[in-house]
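Undergrad: Provided below: run.cif, containing mmCIF, C-alpha atoms.
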data_structure
loop_
_atom_site.group_PDB
_atom_site.id
_atom_site.type_symbol
_atom_site.label_atom_id
_atom_site.label_comp_id
_atom_site.auth_asym_id
_atom_site.auth_seq_id
_atom_site.Cartn_x
_atom_site.Cartn_y
_atom_site.Cartn_z
ATOM 1 C CA MET A 1 -18.722 5.729 -9.586
ATOM 2 C CA LYS A 2 -19.728 9.297 -8.743
ATOM 3 C CA ARG A 3 -19.735 9.289 -4.933
ATOM 4 C CA ILE A 4 -16.880 7.891 -2.834
ATOM 5 C CA GLY A 5 -16.710 7.977 0.951
ATOM 6 C CA ILE A 6 -13.609 7.561 3.099
ATOM 7 C CA ILE A 7 -13.739 6.677 6.784
ATOM 8 C CA GLY A 8 -10.381 7.431 8.405
ATOM 9 C CA VAL A 9 -8.506 10.269 6.736
ATOM 10 C CA GLY A 10 -4.861 9.572 7.507
ATOM 11 C CA GLU A 11 -1.922 9.324 5.113
ATOM 12 C CA ILE A 12 -3.536 6.715 2.854
ATOM 13 C CA GLY A 13 -6.883 8.516 2.851
ATOM 14 C CA ARG A 14 -5.157 11.746 1.885
ATOM 15 C CA ALA A 15 -3.232 9.982 -0.899
ATOM 16 C CA ILE A 16 -6.403 8.424 -2.335
ATOM 17 C CA VAL A 17 -8.256 11.747 -2.337
ATOM 18 C CA THR A 18 -5.323 13.515 -3.978
ATOM 19 C CA GLY A 19 -5.017 10.851 -6.665
ATOM 20 C CA LEU A 20 -8.748 10.945 -7.365
ATOM 21 C CA CYS A 21 -9.022 14.721 -7.505
ATOM 22 C CA ASP A 22 -5.766 16.477 -8.358
ATOM 23 C CA GLY A 23 -5.735 17.548 -12.003
ATOM 24 C CA ARG A 24 -8.872 15.567 -12.874
ATOM 25 C CA ASP A 25 -11.393 17.135 -15.252
ATOM 26 C CA GLU A 26 -14.341 15.292 -13.693
ATOM 27 C CA PRO A 27 -13.407 14.004 -10.246
ATOM 28 C CA PRO A 28 -15.981 12.105 -8.189
ATOM 29 C CA GLU A 29 -17.718 13.590 -5.189
ATOM 30 C CA VAL A 30 -15.741 12.569 -2.118
ATOM 31 C CA PHE A 31 -17.204 12.445 1.382
ATOM 32 C CA LEU A 32 -14.799 12.324 4.323
ATOM 33 C CA SER A 33 -15.336 11.302 7.909
ATOM 34 C CA PRO A 34 -14.488 13.842 10.614
ATOM 35 C CA ARG A 35 -11.890 11.366 11.875
ATOM 36 C CA GLY A 36 -8.547 12.953 10.988
ATOM 37 C CA ALA A 37 -10.196 16.372 11.182
ATOM 38 C CA ASP A 38 -7.195 18.514 10.191
ATOM 39 C CA THR A 39 -6.419 16.441 7.102
ATOM 40 C CA ALA A 40 -10.088 16.239 6.109
ATOM 41 C CA ALA A 41 -10.497 20.010 6.428
ATOM 42 C CA GLU A 42 -7.347 20.610 4.384
ATOM 43 C CA LEU A 43 -8.587 18.349 1.572
ATOM 44 C CA ALA A 44 -12.047 19.942 1.565
ATOM 45 C CA GLN A 45 -10.445 23.362 1.232
ATOM 46 C CA ARG A 46 -8.155 22.209 -1.551
ATOM 47 C CA PHE A 47 -10.730 20.370 -3.679
ATOM 48 C CA GLU A 48 -14.219 21.743 -4.285
ATOM 49 C CA ASN A 49 -15.681 18.256 -4.823
ATOM 50 C CA VAL A 50 -14.615 17.080 -1.335
ATOM 51 C CA ARG A 51 -16.927 17.395 1.683
ATOM 52 C CA VAL A 52 -16.425 16.597 5.364
ATOM 53 C CA CYS A 53 -19.426 14.822 6.890
ATOM 54 C CA ILE A 54 -20.752 15.188 10.406
ATOM 55 C CA ASP A 55 -20.120 11.517 11.237
ATOM 56 C CA ASN A 56 -19.252 8.142 9.713
ATOM 57 C CA GLN A 57 -22.881 7.207 9.075
ATOM 58 C CA ALA A 58 -23.292 10.294 6.915
ATOM 59 C CA VAL A 59 -20.267 9.183 4.874
ATOM 60 C CA VAL A 60 -21.897 5.796 4.268
ATOM 61 C CA ASP A 61 -25.311 7.258 3.452
ATOM 62 C CA ARG A 62 -23.979 9.672 0.831
ATOM 63 C CA SER A 63 -21.583 7.282 -0.915
ATOM 64 C CA GLU A 64 -21.779 4.488 -3.472
ATOM 65 C CA VAL A 65 -18.310 3.210 -2.560
ATOM 66 C CA VAL A 66 -17.109 3.371 1.059
ATOM 67 C CA ILE A 67 -13.368 3.077 1.733
ATOM 68 C CA ILE A 68 -12.511 2.116 5.306
ATOM 69 C CA ALA A 69 -9.027 3.358 6.147
ATOM 70 C CA VAL A 70 -8.919 3.496 9.943
ATOM 71 C CA ARG A 71 -6.150 1.808 11.888
ATOM 72 C CA ARG A 72 -6.699 -1.877 12.541
ATOM 73 C CA GLN A 73 -6.824 -1.391 16.315
ATOM 74 C CA ASP A 74 -9.389 1.426 16.011
ATOM 75 C CA ARG A 75 -11.877 -0.349 13.765
ATOM 76 C CA HIS A 76 -14.382 -1.486 16.390
ATOM 77 C CA GLU A 77 -14.705 1.971 17.890
ATOM 78 C CA ALA A 78 -14.845 3.731 14.506
ATOM 79 C CA LEU A 79 -17.340 1.335 12.914
ATOM 80 C CA ALA A 80 -19.591 0.600 15.890
ATOM 81 C CA GLY A 81 -23.263 0.966 15.036
ATOM 82 C CA LEU A 82 -22.729 1.756 11.343
ATOM 83 C CA LYS A 83 -25.568 0.665 9.072
ATOM 84 C CA VAL A 84 -24.308 -0.369 5.640
ATOM 85 C CA ASP A 85 -27.034 -1.601 3.298
ATOM 86 C CA GLY A 86 -26.444 -4.220 0.634
ATOM 87 C CA GLY A 87 -26.412 -1.649 -2.161
ATOM 88 C CA LYS A 88 -23.115 -0.151 -1.018
ATOM 89 C CA LEU A 89 -19.646 -1.352 -2.013
ATOM 90 C CA VAL A 90 -17.122 -1.446 0.839
ATOM 91 C CA VAL A 91 -13.356 -1.294 0.272
ATOM 92 C CA ASN A 92 -11.255 -2.403 3.244
ATOM 93 C CA VAL A 93 -7.701 -1.007 3.269
ATOM 94 C CA MET A 94 -6.973 -2.042 6.881
ATOM 95 C CA ALA A 95 -3.984 -4.390 7.065
ATOM 96 C CA GLY A 96 -4.708 -7.665 8.824
ATOM 97 C CA VAL A 97 -8.512 -7.326 8.831
ATOM 98 C CA SER A 98 -10.102 -10.125 6.820
ATOM 99 C CA ILE A 99 -13.304 -9.934 4.838
ATOM 100 C CA ASP A 100 -15.073 -12.184 7.364
ATOM 101 C CA ASP A 101 -13.837 -10.047 10.259
ATOM 102 C CA LEU A 102 -15.118 -6.832 8.703
ATOM 103 C CA ARG A 103 -18.419 -8.445 7.703
ATOM 104 C CA ARG A 104 -19.007 -9.453 11.319
ATOM 105 C CA THR A 105 -18.182 -5.936 12.495
ATOM 106 C CA LEU A 106 -20.489 -4.247 10.006
ATOM 107 C CA ALA A 107 -23.188 -6.968 9.997
ATOM 108 C CA THR A 108 -23.822 -6.290 6.320
ATOM 109 C CA ASP A 109 -24.336 -8.310 3.161
ATOM 110 C CA ALA A 110 -22.776 -5.569 1.030
ATOM 111 C CA PRO A 111 -19.886 -6.607 -1.247
ATOM 112 C CA LEU A 112 -16.540 -6.290 0.585
ATOM 113 C CA VAL A 113 -13.202 -5.953 -1.195
ATOM 114 C CA ARG A 114 -9.738 -5.676 0.360
ATOM 115 C CA ALA A 115 -7.083 -3.405 -1.129
ATOM 116 C CA ILE A 116 -3.484 -2.333 -0.417
ATOM 117 C CA PRO A 117 -3.111 1.235 -1.717
ATOM 118 C CA LEU A 118 0.255 2.861 -0.999
ATOM 119 C CA PRO A 119 1.046 6.576 -0.654
ATOM 120 C CA ALA A 120 2.180 6.747 -4.306
ATOM 121 C CA VAL A 121 -1.479 6.548 -5.401
ATOM 122 C CA ARG A 122 -1.468 10.314 -4.835
ATOM 123 C CA GLU A 123 0.680 10.548 -7.979
ATOM 124 C CA ARG A 124 -1.235 7.723 -9.678
ATOM 125 C CA ARG A 125 1.954 5.621 -9.783
ATOM 126 C CA SER A 126 1.249 2.728 -7.414
ATOM 127 C CA VAL A 127 -0.008 -0.759 -8.249
ATOM 128 C CA THR A 128 -2.764 -1.674 -5.770
ATOM 129 C CA VAL A 129 -3.520 -5.289 -4.887
ATOM 130 C CA THR A 130 -7.242 -6.100 -4.515
ATOM 131 C CA CYS A 131 -9.100 -9.174 -3.252
ATOM 132 C CA PRO A 132 -11.427 -10.405 -4.585
ATOM 133 C CA SER A 133 -11.519 -8.812 -8.006
ATOM 134 C CA HIS A 134 -14.436 -6.413 -8.440
ATOM 135 C CA PRO A 135 -14.896 -4.339 -11.601
ATOM 136 C CA THR A 136 -15.699 -1.082 -9.809
ATOM 137 C CA VAL A 137 -12.858 -1.351 -7.294
ATOM 138 C CA ASP A 138 -10.372 -2.544 -9.902
ATOM 139 C CA SER A 139 -11.323 0.376 -12.141
ATOM 140 C CA LEU A 140 -10.868 2.796 -9.243
ATOM 141 C CA PHE A 141 -7.331 1.641 -8.499
ATOM 142 C CA GLU A 142 -6.422 1.239 -12.165
ATOM 143 C CA SER A 143 -7.025 4.986 -12.408
ATOM 144 C CA LEU A 144 -4.621 5.485 -9.485
ATOM 145 C CA GLY A 145 -1.662 3.749 -11.110
ATOM 146 C CA GLY A 146 -2.632 0.142 -11.708
ATOM 147 C CA VAL A 147 -4.338 -2.827 -10.102
ATOM 148 C CA LEU A 148 -3.313 -6.408 -9.311
ATOM 149 C CA PRO A 149 -6.406 -8.482 -8.437
ATOM 150 C CA VAL A 150 -5.898 -11.733 -6.502
ATOM 151 C CA ALA A 151 -8.485 -14.405 -5.801
ATOM 152 C CA ASP A 152 -7.362 -15.636 -2.386
ATOM 153 C CA GLU A 153 -6.890 -13.775 0.908
ATOM 154 C CA SER A 154 -3.841 -15.895 1.744
ATOM 155 C CA VAL A 155 -2.135 -14.558 -1.363
ATOM 156 C CA PHE A 156 -3.346 -11.055 -0.552
ATOM 157 C CA ASN A 157 -1.718 -11.280 2.888
ATOM 158 C CA VAL A 158 1.656 -12.093 1.310
ATOM 159 C CA PHE A 159 1.494 -8.874 -0.691
ATOM 160 C CA SER A 160 0.426 -7.037 2.450
ATOM 161 C CA ALA A 161 3.482 -8.359 4.302
ATOM 162 C CA LEU A 162 5.769 -7.124 1.507
ATOM 163 C CA THR A 163 4.626 -3.551 2.127
ATOM 164 C CA GLY A 164 6.191 -3.837 5.582
ATOM 165 C CA THR A 165 9.660 -3.641 4.029
ATOM 166 C CA LEU A 166 9.396 -0.095 2.666
ATOM 167 C CA THR A 167 10.842 1.836 5.599
ATOM 168 C CA THR A 168 13.608 -0.764 5.970
ATOM 169 C CA HIS A 169 14.744 0.135 2.469
ATOM 170 C CA LEU A 170 14.665 3.854 3.283
ATOM 171 C CA SER A 171 16.567 3.271 6.534
ATOM 172 C CA TYR A 172 19.191 1.361 4.546
ATOM 173 C CA LEU A 173 19.663 4.436 2.340
ATOM 174 C CA ALA A 174 19.812 6.674 5.410
ATOM 175 C CA THR A 175 22.542 4.444 6.862
ATOM 176 C CA LEU A 176 24.588 4.813 3.676
ATOM 177 C CA THR A 177 24.226 8.583 3.871
ATOM 178 C CA SER A 178 25.286 8.650 7.532
ATOM 179 C CA TRP A 179 28.286 6.432 6.773
ATOM 180 C CA ALA A 180 29.466 8.800 4.031
ATOM 181 C CA ALA A 181 28.968 11.812 6.301
ATOM 182 C CA GLY A 182 31.044 10.050 8.956
ATOM 183 C CA HIS A 183 33.882 9.901 6.456
ATOM 184 C CA GLY A 184 33.914 13.629 5.867
ATOM 185 C CA ILE A 185 31.322 14.046 3.109
ATOM 186 C CA ALA A 186 28.994 17.001 3.641
ATOM 187 C CA PRO A 187 25.603 15.551 4.698
ATOM 188 C CA ASP A 188 23.744 17.376 1.906
ATOM 189 C CA ASN A 189 26.151 16.012 -0.693
ATOM 190 C CA ALA A 190 25.925 12.489 0.726
ATOM 191 C CA ASP A 191 22.140 12.675 0.700
ATOM 192 C CA ARG A 192 22.041 13.987 -2.866
ATOM 193 C CA TYR A 193 24.414 11.320 -4.139
ATOM 194 C CA VAL A 194 22.663 8.382 -2.454
ATOM 195 C CA ARG A 195 19.261 9.555 -3.714
ATOM 196 C CA GLY A 196 20.595 9.855 -7.261
ATOM 197 C CA LEU A 197 22.331 6.481 -7.047
ATOM 198 C CA PHE A 198 19.170 4.640 -6.138
ATOM 199 C CA GLN A 199 16.816 6.653 -8.311
ATOM 200 C CA GLY A 200 18.868 5.343 -11.206
ATOM 201 C CA ILE A 201 18.441 1.776 -9.970
ATOM 202 C CA GLY A 202 14.726 2.452 -9.554
ATOM 203 C CA ARG A 203 14.427 3.342 -13.231
ATOM 204 C CA ALA A 204 16.052 0.013 -14.122
ATOM 205 C CA LEU A 205 13.116 -1.729 -12.428
ATOM 206 C CA SER A 206 10.863 -0.652 -15.295
ATOM 207 C CA ASP A 207 12.705 -3.133 -17.539
ATOM 208 C CA ARG A 208 10.397 -6.142 -17.140
ATOM 209 C CA THR A 209 12.434 -8.209 -19.613
ATOM 210 C CA ARG A 210 15.001 -8.916 -16.878
ATOM 211 C CA SER A 211 14.313 -10.640 -13.575
ATOM 212 C CA LEU A 212 15.429 -8.991 -10.338
ATOM 213 C CA HIS A 213 18.185 -11.586 -10.034
ATOM 214 C CA GLN A 214 19.314 -10.710 -13.559
ATOM 215 C CA LEU A 215 19.277 -6.992 -12.796
ATOM 216 C CA ALA A 216 21.496 -7.646 -9.763
ATOM 217 C CA ALA A 217 23.899 -9.707 -11.851
ATOM 218 C CA ASP A 218 24.007 -7.035 -14.544
ATOM 219 C CA HIS A 219 25.107 -4.449 -11.965
ATOM 220 C CA GLU A 220 27.976 -6.629 -10.697
ATOM 221 C CA THR A 221 31.378 -7.552 -12.033
ATOM 222 C CA PRO A 222 33.124 -10.706 -10.755
ATOM 223 C CA ASN A 223 35.169 -9.896 -7.635
ATOM 224 C CA GLY A 224 34.021 -6.281 -7.904
ATOM 225 C CA SER A 225 32.814 -3.836 -5.260
ATOM 226 C CA ASN A 226 29.112 -4.688 -5.543
ATOM 227 C CA GLU A 227 29.755 -8.397 -5.255
ATOM 228 C CA ARG A 228 31.974 -7.806 -2.231
ATOM 229 C CA ILE A 229 29.348 -5.857 -0.288
ATOM 230 C CA ARG A 230 26.531 -8.225 -1.282
ATOM 231 C CA THR A 231 28.351 -11.374 -0.263
ATOM 232 C CA THR A 232 29.827 -10.006 2.973
ATOM 233 C CA TRP A 233 26.800 -8.063 4.235
ATOM 234 C CA PHE A 234 23.730 -9.735 2.705
ATOM 235 C CA THR A 235 24.736 -13.209 3.804
ATOM 236 C CA PRO A 236 22.541 -16.337 3.763
ATOM 237 C CA ALA A 237 21.970 -15.763 7.488
ATOM 238 C CA ASN A 238 20.713 -12.221 6.827
ATOM 239 C CA SER A 239 18.492 -13.490 4.040
ATOM 240 C CA GLU A 240 17.046 -16.116 6.355
ATOM 241 C CA ALA A 241 16.470 -13.522 9.072
ATOM 242 C CA LEU A 242 14.549 -11.342 6.628
ATOM 243 C CA SER A 243 12.414 -14.303 5.553
ATOM 244 C CA LYS A 244 11.742 -15.110 9.204
ATOM 245 C CA ALA A 245 10.656 -11.534 9.929
ATOM 246 C CA LEU A 246 8.291 -11.644 6.955
ATOM 247 C CA ASP A 247 6.902 -15.018 8.059
ATOM 248 C CA ASP A 248 6.203 -13.578 11.513
ATOM 249 C CA LEU A 249 4.449 -10.568 10.006
ATOM 250 C CA LEU A 250 2.448 -12.818 7.693
ATOM 251 C CA ALA A 251 1.283 -14.850 10.679
ATOM 252 C CA ASP A 252 0.091 -11.664 12.361
ATOM 253 C CA LEU A 253 -1.775 -10.710 9.203
ATOM 254 C CA GLY A 254 -3.679 -13.971 9.347
ATOM 255 C CA GLU A 255 -1.701 -16.546 7.362
ATOM 256 C CA PRO A 256 0.522 -18.693 9.610
ATOM 257 C CA ARG A 257 1.542 -21.248 6.985
ATOM 258 C CA ARG A 258 3.855 -20.842 4.021
ATOM 259 C CA LEU A 259 1.945 -20.643 0.738
ATOM 260 C CA ALA A 260 4.440 -23.053 -0.791
ATOM 261 C CA ASP A 261 2.976 -25.750 1.435
ATOM 262 C CA ARG A 262 -0.433 -25.614 -0.238
ATOM 263 C CA GLY A 263 -2.082 -24.875 -3.548
ATOM 264 C CA THR A 264 -3.079 -21.218 -3.785
ATOM 265 C CA VAL A 265 -4.324 -19.066 -6.597
ATOM 266 C CA ILE A 266 -3.301 -15.676 -7.936
ATOM 267 C CA ALA A 267 -5.927 -14.097 -10.189
ATOM 268 C CA GLY A 268 -7.180 -17.496 -11.287
ATOM 269 C CA GLY A 269 -3.831 -19.203 -11.853
ATOM 270 C CA PRO A 270 -1.456 -21.269 -9.709
ATOM 271 C CA VAL A 271 1.346 -19.606 -7.768
#
Transcribe the structure of this file into structure tokens.

TA:
Amino acid sequence: MKRIGIIGVGEIGRAIVTGLCDGRDEPPEVFLSPRGADTAAELAQRFENVRVCIDNQAVVDRSEVVIIAVRRQDRHEALAGLKVDGGKLVVNVMAGVSIDDLRRTLATDAPLVRAIPLPAVRERRSVTVTCPSHPTVDSLFESLGGVLPVADESVFNVFSALTGTLTTHLSYLATLTSWAAGHGIAPDNADRYVRGLFQGIGRALSDRTRSLHQLAADHETPNGSNERIRTTWFTPANSEALSKALDDLLADLGEPRRLADRGTVIAGGPV
């Protein structure tokens, strides 16, 4: 895998390039589309193995693996008229765009693989879900922090929906910081303390011997402060509302039915 092309150089495109190139002894050649011109130019200046192509067709022609990272709503405009021969490998990182959808758009018989890279791939610390499993694509994302191949697009869409909760978590932390500041804590001190509080919890997540429910229980004492906030704020109604929001997002991503209602497969095994 010596030549990788990226069409659509936004935040995810930048993260992939950084993870592939930063600190690597032998990084691949990377060809970028002119879409996202400022970011593409910045990356080409930073890494000598990165080139900006004149158009999207040039990216395809020069690459063995083509990563499509444009916004879902821009795909028809960005991909119109592209010729992708069967010898290429196409990686689709557009949320809500199925393999069949992209194959119709590109009119190609090239192998197509979906993936959900997150910004942390820039630090090679993010597990990327892929569908279907492909040795070249799985190897690529394994080098960027880890890979979780799944065999079914319905399962893939569930993982995709989960990524929609990230900024909610950050907004929750921002609300805690604002609350503390409203009670007289200097904003910088509130921010520092909340970050440290949850960075510590984040490190606990590396302990795979305990379930998430067990981790929660281990951080609570009966009738203590944590239990009080959890039971008064994160009520069954709030939990149901969150599940409903995720179900609605999942429907928009292409899977209107709950997976529990049917037999699905994760990486060859039952859910």

Undergrad: If you count all atoms listed in the file, which residues fall within 12 Å of A:Ser33, apart from same-chain ones fewer than 2 positions away, as an mmCIF file with C-alpha atoms, keeping the file's coordinate frame?

TA:
data_model
loop_
_atom_site.group_PDB
_atom_site.id
_atom_site.type_symbol
_atom_site.label_atom_id
_atom_site.label_comp_id
_atom_site.auth_asym_id
_atom_site.auth_seq_id
_atom_site.Cartn_x
_atom_site.Cartn_y
_atom_site.Cartn_z
ATOM 1 C CA ILE A 4 -16.880 7.891 -2.834
ATOM 2 C CA GLY A 5 -16.710 7.977 0.951
ATOM 3 C CA ILE A 6 -13.609 7.561 3.099
ATOM 4 C CA ILE A 7 -13.739 6.677 6.784
ATOM 5 C CA GLY A 8 -10.381 7.431 8.405
ATOM 6 C CA VAL A 9 -8.506 10.269 6.736
ATOM 7 C CA GLY A 10 -4.861 9.572 7.507
ATOM 8 C CA GLY A 13 -6.883 8.516 2.851
ATOM 9 C CA ARG A 14 -5.157 11.746 1.885
ATOM 10 C CA VAL A 30 -15.741 12.569 -2.118
ATOM 11 C CA PHE A 31 -17.204 12.445 1.382
ATOM 12 C CA ARG A 35 -11.890 11.366 11.875
ATOM 13 C CA GLY A 36 -8.547 12.953 10.988
ATOM 14 C CA ALA A 37 -10.196 16.372 11.182
ATOM 15 C CA ASP A 38 -7.195 18.514 10.191
ATOM 16 C CA THR A 39 -6.419 16.441 7.102
ATOM 17 C CA ALA A 40 -10.088 16.239 6.109
ATOM 18 C CA ALA A 41 -10.497 20.010 6.428
ATOM 19 C CA LEU A 43 -8.587 18.349 1.572
ATOM 20 C CA ALA A 44 -12.047 19.942 1.565
ATOM 21 C CA VAL A 50 -14.615 17.080 -1.335
ATOM 22 C CA ARG A 51 -16.927 17.395 1.683
ATOM 23 C CA VAL A 52 -16.425 16.597 5.364
ATOM 24 C CA CYS A 53 -19.426 14.822 6.890
ATOM 25 C CA ILE A 54 -20.752 15.188 10.406
ATOM 26 C CA ASP A 55 -20.120 11.517 11.237
ATOM 27 C CA ASN A 56 -19.252 8.142 9.713
ATOM 28 C CA GLN A 57 -22.881 7.207 9.075
ATOM 29 C CA ALA A 58 -23.292 10.294 6.915
ATOM 30 C CA VAL A 59 -20.267 9.183 4.874
ATOM 31 C CA VAL A 60 -21.897 5.796 4.268
ATOM 32 C CA ASP A 61 -25.311 7.258 3.452
ATOM 33 C CA ARG A 62 -23.979 9.672 0.831
ATOM 34 C CA SER A 63 -21.583 7.282 -0.915
ATOM 35 C CA VAL A 66 -17.109 3.371 1.059
ATOM 36 C CA ILE A 67 -13.368 3.077 1.733
ATOM 37 C CA ILE A 68 -12.511 2.116 5.306
ATOM 38 C CA ALA A 69 -9.027 3.358 6.147
ATOM 39 C CA VAL A 70 -8.919 3.496 9.943
ATOM 40 C CA ALA A 78 -14.845 3.731 14.506
ATOM 41 C CA LEU A 79 -17.340 1.335 12.914
#

Undergrad: Going by the chain IDs and residue numbers used in this file, which residues fall under the PyMOL selection byres ((chain A and resi 80) around 12)? Write them as a list in words.

TA: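 Applied to this file, the PyMOL selection byres ((chain A and resi 80) around 12) selects Asp55, Asn56, Gln57, Asp74, Arg75, His76, Glu77, Ala78, Leu79, Gly81, Leu82, Lys83, Val84, Leu102, Arg104, Thr105, Leu106 and Ala107 of chain A.
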
Undergrad: Taking the file as shown, what set of residues would the PyMOL selection byres ((chain A and resi 166-175) around 10) give back, as a PyMOL selection string?

TA: chain A and resi 162-165+176-181+190-191+194-195+197-198

Undergrad: List the residues selected by the PyMOL selection byres ((chain A and resi 99) around 10) in the file shown, writing them as a list in words.

TA: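 For this structure, the PyMOL selection byres ((chain A and resi 99) around 10) resolves to Val91, Asn92, Gly96, Val97, Ser98, Asp100, Asp101, Leu102, Arg103, Arg104, Thr105, Pro111, Leu112, Val113, Arg114, Cys131, Pro132 and Glu153 of chain A.
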
Undergrad: Using all atoms listed in the file, find the one residue out of A:Thr231, A:Glu26, A:Thr18, A:Arg3 that sits nearest to A:Glu42.

TA: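 When distances to A:Glu42 are compared using all atoms listed in the file, the smallest one comes from A:Thr18.
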
Undergrad: Could you put an axis-aligned box around every listed atom of stretch 219-231 of chain A, padded by 3 Å on each side, and send me its centre and edge lengths in Å to one decimal, as lines of an AutoDock Vina configuration file?

TA:
center_x = 30.1
center_y = -7.6
center_z = -6.1
size_x = 16.1
size_y = 13.5
size_z = 17.8

Undergrad: Using atom CA of A:Met1 and atom CA of A:Glu64 as the two end points, give the distance in Å to one decimal.

TA: 6.9 Å

Undergrad: For atom CA of A:Gly200 and atom CA of A:His219, quote the distance in Å rounded to one decimal.

TA: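 Straight-line distance from atom CA of A:Gly200 to atom CA of A:His219 works out to 11.6 Å.
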
Undergrad: Which of these, A:Asn157, A:Ser211, A:Thr232, A:Ser243, has the shortest distance to A:Ala115 once you count all atoms listed in the file?

TA: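 Ranked by minimum distance to A:Ala115, first place goes to A:Asn157.
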
Undergrad: Could you tell me how far atom CA of A:Val155 sits from atom CA of A:Ala95, in Å to one decimal place?

TA: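 Atom CA of A:Ala95 sits 13.3 Å away from atom CA of A:Val155.
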
Undergrad: For a quick check of understanding, using all atoms listed in the file, which of A:Val65, A:Leu144, A:Ile12, A:Leu246 has the smallest distance to A:Glu29?

TA: A:Val65

Undergrad: With the input short on atoms, add all heavy atoms back to stretch 189-194 of chain A and write it as an mmCIF file, in the frame of the given file.

TA:
data_model
loop_
_atom_site.group_PDB
_atom_site.id
_atom_site.type_symbol
_atom_site.label_atom_id
_atom_site.label_comp_id
_atom_site.auth_asym_id
_atom_site.auth_seq_id
_atom_site.Cartn_x
_atom_site.Cartn_y
_atom_site.Cartn_z
ATOM 1 N N ASN A 189 25.571 16.659 0.479
ATOM 2 C CA ASN A 189 26.151 16.012 -0.693
ATOM 3 C C ASN A 189 25.958 14.488 -0.626
ATOM 4 O O ASN A 189 25.682 13.848 -1.646
ATOM 5 C CB ASN A 189 27.636 16.342 -0.813
ATOM 6 C CG ASN A 189 27.879 17.779 -1.256
ATOM 7 O OD1 ASN A 189 26.971 18.422 -1.790
ATOM 8 N ND2 ASN A 189 29.079 18.286 -1.013
ATOM 9 N N ALA A 190 26.135 13.927 0.570
ATOM 10 C CA ALA A 190 25.925 12.489 0.726
ATOM 11 C C ALA A 190 24.473 12.125 0.417
ATOM 12 O O ALA A 190 24.204 11.145 -0.284
ATOM 13 C CB ALA A 190 26.296 12.061 2.148
ATOM 14 N N ASP A 191 23.565 12.927 0.933
ATOM 15 C CA ASP A 191 22.140 12.675 0.700
ATOM 16 C C ASP A 191 21.813 12.767 -0.786
ATOM 17 O O ASP A 191 21.123 11.902 -1.345
ATOM 18 C CB ASP A 191 21.316 13.696 1.491
ATOM 19 C CG ASP A 191 19.829 13.460 1.374
ATOM 20 O OD1 ASP A 191 19.205 13.988 0.423
ATOM 21 O OD2 ASP A 191 19.273 12.742 2.223
ATOM 22 N N ARG A 192 22.317 13.799 -1.436
ATOM 23 C CA ARG A 192 22.041 13.987 -2.866
ATOM 24 C C ARG A 192 22.577 12.830 -3.691
ATOM 25 O O ARG A 192 21.913 12.328 -4.600
ATOM 26 C CB ARG A 192 22.661 15.305 -3.332
ATOM 27 C CG ARG A 192 22.444 15.597 -4.809
ATOM 28 C CD ARG A 192 23.178 16.865 -5.221
ATOM 29 N NE ARG A 192 23.029 17.121 -6.645
ATOM 30 C CZ ARG A 192 23.731 18.018 -7.315
ATOM 31 N NH1 ARG A 192 24.626 18.771 -6.675
ATOM 32 N NH2 ARG A 192 23.552 18.174 -8.616
ATOM 33 N N TYR A 193 23.798 12.387 -3.355
ATOM 34 C CA TYR A 193 24.414 11.320 -4.139
ATOM 35 C C TYR A 193 23.685 9.986 -3.951
ATOM 36 O O TYR A 193 23.421 9.281 -4.927
ATOM 37 C CB TYR A 193 25.886 11.161 -3.754
ATOM 38 C CG TYR A 193 26.588 10.146 -4.625
ATOM 39 C CD1 TYR A 193 26.906 10.448 -5.948
ATOM 40 C CD2 TYR A 193 26.900 8.882 -4.141
ATOM 41 C CE1 TYR A 193 27.530 9.516 -6.766
ATOM 42 C CE2 TYR A 193 27.513 7.943 -4.958
ATOM 43 C CZ TYR A 193 27.820 8.263 -6.261
ATOM 44 O OH TYR A 193 28.423 7.330 -7.068
ATOM 45 N N VAL A 194 23.352 9.650 -2.707
ATOM 46 C CA VAL A 194 22.663 8.382 -2.454
ATOM 47 C C VAL A 194 21.290 8.376 -3.130
ATOM 48 O O VAL A 194 20.880 7.369 -3.734
ATOM 49 C CB VAL A 194 22.547 8.117 -0.937
ATOM 50 C CG1 VAL A 194 21.600 6.951 -0.659
ATOM 51 C CG2 VAL A 194 23.932 7.815 -0.352
#
